[in-house]
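As structure tokens, the structure follows; a few thoughts come after it.
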Amino acid sequence: MNRNLQKRLGLLVAGAFVLALGVACAGAPTPTPTSAPPPTKQAAAPTKAAAAPTKAAEPAKAAAAPTKAAAPAKPKDLDVVKVAMQGQSSDAAAFIAQGRGYFKEQGIDFQFSPVGAPAQMVPMIATSQVDVAGVLGSAGYFNALERGARMKGVADKGSLSKGNGFIALLVRKDLVDSGKYKGVADLKGLKVALSPPPMTSPNAYNLESALQTVGLTMNDVELVGLALADMPAALAGGSIDAGVTTEPYVSKGVELGAAIRVLGFDEVNLNHQLTGISFSEAFMRDRPDVAKRFVVAYIKGARDYNDAFMKNKGKAEVIKILTELTALKDASVWEKMVPPGLNPDGYLNAESLMNTVDWLLKNDQIKQKPKPEDFIDNQYVDYAIGVLGKYK
């Protein structure tokens, strides 16, 4: 074989080998060596982006934010207590306790639900829809007990202690100025408003007590059912002659020039227990320790209330809390109005409540006479006094 022929054969063999190698490489499942370096460069790219001053770092910060925001409150660490109240002046102790952190000190998350009227609270507390309600002593309350409800009154939430006649009788200013009204005896034949329905109003007992001092009865006046908040305007318009209402509506009626405050009912029914704090059956049965701690915090609030409104100690700060947390947003109203009586040691006036029971029986509002132990339980206040000592 000559040299030229050998050379041509060598080139053909080499070409075939290269072609076979190319086909084998194209069908292989793994990447070719030359394609491996680019992923290494791409993998390095996030490192540069992470090093950027803001953009890549922001998602990590945003993810961490909820944990930091939730940490101080720790709501899951607190015992939730559901509370139904009107958010009015006689609820002050509870809101002072909330504003000053007394409930949290006792490991309680105070969850407030505003309710329009005491009558709405009775079924809520009777069926344990809420743990605590600012209601006690009404016909509806005692009738619920007769039907088998097992709620209990545990602490004072409003009484007519001396100088605390926050429930008062307003009479139209023109009737007073003209001399047509000189005293309670002159209510005879006049239109007198009570919260509806009039004879089941918590204030019907007070009105009749006043009428009895001059030999009159409820039959001697024309009763009108009217919401407490509507009484100042009704007096101004002349659609009623007088009304039994509560603060702040007493002060509002006087400020409007519509009426004269002629009688505070502490002058008639001294130390009368108007309402109280009640616990539901489930709350007392299932969480007795939480119930006791609730009253400790509540009584601390009641003591701050008495310091502020009876002793003028820290009053501005207390009023600030109350304007923020209650329905009464005007600080000047808190300054001017007659404050409710709140027992700084928390106990209910059982004798007064039984007087109310007797009146309700006499007026066919209830059918059975409960015993004090059927609707009052002092163990929670006893516990709180054991922790706090007596008020000084």
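Scheme for the structure tokens: letters A, B, ... for chains in order shown; per-chain residue numbers from 1; ligand numbers from 1 in order shown.
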
Please identify all polymer residues within 10 Å of Ala185 (chain A), counting only C-alpha atoms, omitting same-chain residues fewer than 4 positions from it, and present them as a PDB file with C-alpha atoms, in the first residue's frame.
```pdb
ATOM      1  CA  TYR A 181     -94.307  72.331  91.021  1.00  0.00           C
ATOM      2  CA  GLY A 189    -101.731  64.244  87.524  1.00  0.00           C
ATOM      3  CA  ALA A 210     -90.834  59.157  96.720  1.00  0.00           C
ATOM      4  CA  LEU A 211     -94.602  59.290  96.051  1.00  0.00           C
ATOM      5  CA  GLN A 212     -95.327  57.371  99.236  1.00  0.00           C
ATOM      6  CA  THR A 213     -93.616  60.058 101.331  1.00  0.00           C
ATOM      7  CA  VAL A 214     -96.498  62.395 100.426  1.00  0.00           C
ATOM      8  CA  GLY A 215     -99.283  59.817 100.412  1.00  0.00           C
ATOM      9  CA  LEU A 216     -99.409  59.253  96.649  1.00  0.00           C
ATOM     10  CA  ASP A 220    -101.757  59.242  90.910  1.00  0.00           C
TER      11      ASP A 220
END
```

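Residues surrounding region 330-342 of chain A within 6 Å are Ser90, Lys157, Gly158, Ser159, Leu160, Ser161, Asn164, Phe166 and Ser251 of chain A [only C-alpha atoms; sequence separation below 5 positions excluded].
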
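Every protein, DNA or RNA residue with an atom at most 12 Å from Met121 (chain A), where only C-alpha atoms count and chain neighbours fewer than 5 positions away do not, is listed here: Val83, Ala84, Met85, Gln86, Ser113, Pro114, Val115, Gly116, Ala126, Thr127, Ser128, Gln129, Val130, Asp131, Val132, Ala133, Gly134, Val135, Leu136, Ser138, Gly140, Tyr141, Ala144, Met151, Ile277, Ser278, Phe279 and Ser280 of chain A.
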
Checklist entry - In Å to one decimal, how far is CA of Pro196 (chain A) from CA of Ile125 (chain A)? => result 21.1 Å

Next on the checklist: What's the separation between CA of Ile299 (chain A) and CA of Gly87 (chain A), in Å to one decimal place?
Outcome noted: 17.1 Å

Checklist entry - Do you know which residues are at most 9 Å from Asn306 (chain A) counting only C-alpha atoms, after dropping those on the same chain fewer than 3 positions away, and could you put them as a PyMOL selection string? => result chain A and resi 301-303+309-313+341-344

Since we have the selection now, will you write its residues out, keeping C-alpha atoms, as a compact mmCIF listing (two decimals), in the first residue's frame?
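Contents of out.txt, freshly written:
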```txt
# COMPACT_ATOMS: atom_id res chain seq x y z
CA GLY A 301 -60.80 49.74 90.03
CA ALA A 302 -63.62 50.58 92.47
CA ARG A 303 -61.08 51.87 94.98
CA PHE A 309 -64.54 61.02 92.87
CA MET A 310 -64.93 60.96 96.66
CA LYS A 311 -61.44 62.11 97.71
CA ASN A 312 -60.35 64.00 94.57
CA LYS A 313 -57.14 61.95 94.28
CA GLY A 341 -71.99 55.09 94.65
CA LEU A 342 -69.57 52.16 94.30
CA ASN A 343 -68.64 50.18 97.39
CA PRO A 344 -64.80 50.18 97.60
```

Checklist outcome for this item: Pairwise distance, CA of Leu190 (chain A) with CA of Val171 (chain A), equals 10.0 Å

Checklist entry - How would you write, as a VMD selection string, the set of residues in region 148-314 of chain A that DSSP gives as alpha helix (DSSP H)? => result chain A and resid 173 to 177 204 to 212 231 to 237 249 to 255 281 to 286 288 to 311

Would you mind exporting C-alpha atoms of the selected residues as a tab-separated table (two decimals), in the first residue's frame?
```
chain	number	residue	atom	x	y	z
A	173	LYS	CA	-88.15	74.20	84.37
A	174	ASP	CA	-91.25	76.20	83.48
A	175	LEU	CA	-93.32	74.19	85.99
A	176	VAL	CA	-90.81	74.95	88.74
A	177	ASP	CA	-90.41	78.61	87.77
A	204	ALA	CA	-90.15	52.47	89.35
A	205	TYR	CA	-89.30	51.41	92.90
A	206	ASN	CA	-87.57	54.75	93.51
A	207	LEU	CA	-90.43	56.79	92.10
A	208	GLU	CA	-93.03	55.01	94.18
A	209	SER	CA	-90.86	55.40	97.30
A	210	ALA	CA	-90.83	59.16	96.72
A	211	LEU	CA	-94.60	59.29	96.05
A	212	GLN	CA	-95.33	57.37	99.24
A	231	MET	CA	-85.81	62.43	78.51
A	232	PRO	CA	-83.89	65.75	78.32
A	233	ALA	CA	-85.26	66.49	74.84
A	234	ALA	CA	-88.78	65.40	75.83
A	235	LEU	CA	-88.67	67.76	78.83
A	236	ALA	CA	-87.44	70.58	76.59
A	237	GLY	CA	-90.26	69.89	74.11
A	249	TYR	CA	-78.86	62.58	81.33
A	250	VAL	CA	-79.70	64.36	84.58
A	251	SER	CA	-76.89	66.86	84.00
A	252	LYS	CA	-77.75	67.14	80.31
A	253	GLY	CA	-81.38	68.07	81.07
A	254	VAL	CA	-80.24	70.79	83.46
A	255	GLU	CA	-77.62	72.13	81.00
A	281	GLU	CA	-73.20	29.63	86.03
A	282	ALA	CA	-70.56	28.25	83.64
A	283	PHE	CA	-67.99	30.88	84.67
A	284	MET	CA	-68.40	30.08	88.37
A	285	ARG	CA	-68.46	26.32	87.82
A	286	ASP	CA	-65.70	25.90	85.26
A	288	PRO	CA	-63.64	29.61	89.80
A	289	ASP	CA	-60.04	30.81	90.10
A	290	VAL	CA	-60.44	33.22	87.16
A	291	ALA	CA	-63.70	34.48	88.68
A	292	LYS	CA	-61.93	35.29	91.95
A	293	ARG	CA	-59.10	37.08	90.17
A	294	PHE	CA	-61.63	39.10	88.17
A	295	VAL	CA	-63.13	40.51	91.37
A	296	VAL	CA	-59.68	41.39	92.75
A	297	ALA	CA	-59.04	43.55	89.67
A	298	TYR	CA	-62.58	44.97	89.73
A	299	ILE	CA	-62.32	46.07	93.36
A	300	LYS	CA	-58.97	47.73	92.70
A	301	GLY	CA	-60.80	49.74	90.03
A	302	ALA	CA	-63.62	50.58	92.47
A	303	ARG	CA	-61.08	51.87	94.98
A	304	ASP	CA	-59.41	54.09	92.39
A	305	TYR	CA	-62.89	55.37	91.51
A	306	ASN	CA	-63.60	56.27	95.14
A	307	ASP	CA	-60.20	57.92	95.52
A	308	ALA	CA	-60.89	60.04	92.42
A	309	PHE	CA	-64.54	61.02	92.87
A	310	MET	CA	-64.93	60.96	96.66
A	311	LYS	CA	-61.44	62.11	97.71
```

Item to check | Who sits within 12 Å of region 355-372 of chain A, only C-alpha atoms, same chain under 2 positions skipped, as a VMD selection string | outcome: chain A and resid 136 to 148 152 to 154 197 to 209 217 to 218 269 271 to 275 348 to 353 374 to 378

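Comparing A:Ala384, A:Ala155, A:Ala168, A:Ala316 by their smallest distance to Ala93 (chain A), the closest is A:Ala155 (using only C-alpha atoms).
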
Next on the checklist: DSSP on the backbone: which residues in region 155-222 of chain A end up as strand (DSSP E or B)? Give the answer as a PyMOL selection string.
Outcome noted: chain A and resi 155-156+159+167-172+191-194+222
